[in-house]
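Here the structure comes first, spelled out in structure tokens, and everything after it is commentary.
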Amino acid sequence: MDVTTESDEAIVRAMAQGDKGALARAFDRYAATLTRYAWAIAADRMEVEEIVQDSFLTLWQRAATLELPADTMLPWLLVVCRNHALNAGRKRAKHRNDELPEHLAAPEGHDEARERLRWVRAEIASLPETDRRICELCLLEGHSYAEAAEILGLSVGAVTQRVSRNRRRLKKAVMHDEH
């Protein structure tokens, strides 16, 4: 069948049967449009590329159950693209919240640095036992999350979640102390 006249419905059916060439044809047909759309809602080139790739991956994964309401898959792809962009934005915002602020002034000398370290250690010491051990292992001693999980008998996901929560808690305390 001529690629330019092949319907989107036929392409989706072919993908549902495992035809990787059909995915390539869908990509050739709609990648430029999705890329332009992603540029309107994403932060940078790498994020745009990832959003477009994820959109086509979702198309491939859902081809067997996808029912096109029209003769085109473009509206469905645009919604999927928007959803991936929103997820990427939430992920970016979450990571931005875990970082210490850029305007946090560096200590002037040894005494000030020692005082800040003492203060941060005091904040960590006030945490519940498990959170305190996780912070000591990961943030102060430099252990990986996997190593800390093994030492404490927790899952890596639990350690990751607790580190993130405690970083936010420490950041809030640091910001409060700075003001």
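By order in the structure tokens, chains are A, B, ...; within a chain, residues start at 1; ligands start at 1, following the order shown.
Within the 9 Å cut-off around A:Arg82, using only C-alpha atoms and omitting residues fewer than 2 positions from it on the same chain, the listed residues are Tyr37, Ala38, Ile41, Ile51, Ser55, Leu77, Leu78, Val79, Val80, His84, Ala85, Leu86 and Asn87 of chain A.
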Practice task
For A:Gly21, work out the shell of residues within 12 Å, counting only C-alpha atoms and skipping chain neighbours fewer than 5 positions away, then give it as a list in words.
Solution key: Val3, Ile11, Val12, Arg13, Ala14, Met15, Ala16, Ala26, Phe27, Asp28 and Trp60 of chain A
Handout entry: Residues near stretch 127-139 of chain A, cut-off 12 Å, only C-alpha atoms, skip fewer than 6 positions along chain, as a PyMOL selection string
Key = chain A and resi 120-121+145-156+158-167+169-170
Practice task
Work out how far apart atom CA of A:Trp76 and atom CA of A:Glu49 are and give it in Å to one decimal.
Solution key: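 Interatomic distance, atom CA of A:Trp76 to atom CA of A:Glu49: 18.2 Å.
We find atom CA of A:Glu123 and atom CA of A:Ser144 to be spaced 21.1 Å apart.
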Practice task
Excluding A:Pro75 and residues on its chain fewer than 5 positions from it, collect all residues at most 12 Å away from it, counting only C-alpha atoms, and give them as a list in words.
Solution key: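 So, after excluding close chain neighbours, the residues are Asp8, Tyr30, Thr33, Leu34, Tyr37, Glu67, Leu68, Pro69, Ala70, Val80, Cys81 and Arg82 of chain A.
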Exercise for the section: Give me, please, the distance in Å between atom CA of A:Ala93 and atom CA of A:Ala32, quoted to one decimal. Expected result: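 Answer for the atom CA of A:Ala93 to atom CA of A:Ala32 separation: 26.9 Å.
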Practice task
Could you check which of A:Arg25, A:Gln17, A:Glu141, A:Arg45 is closest to A:Gln61, using only C-alpha atoms?
Solution key: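 Using only C-alpha atoms, the shortest distance to A:Gln61 belongs to A:Gln17.
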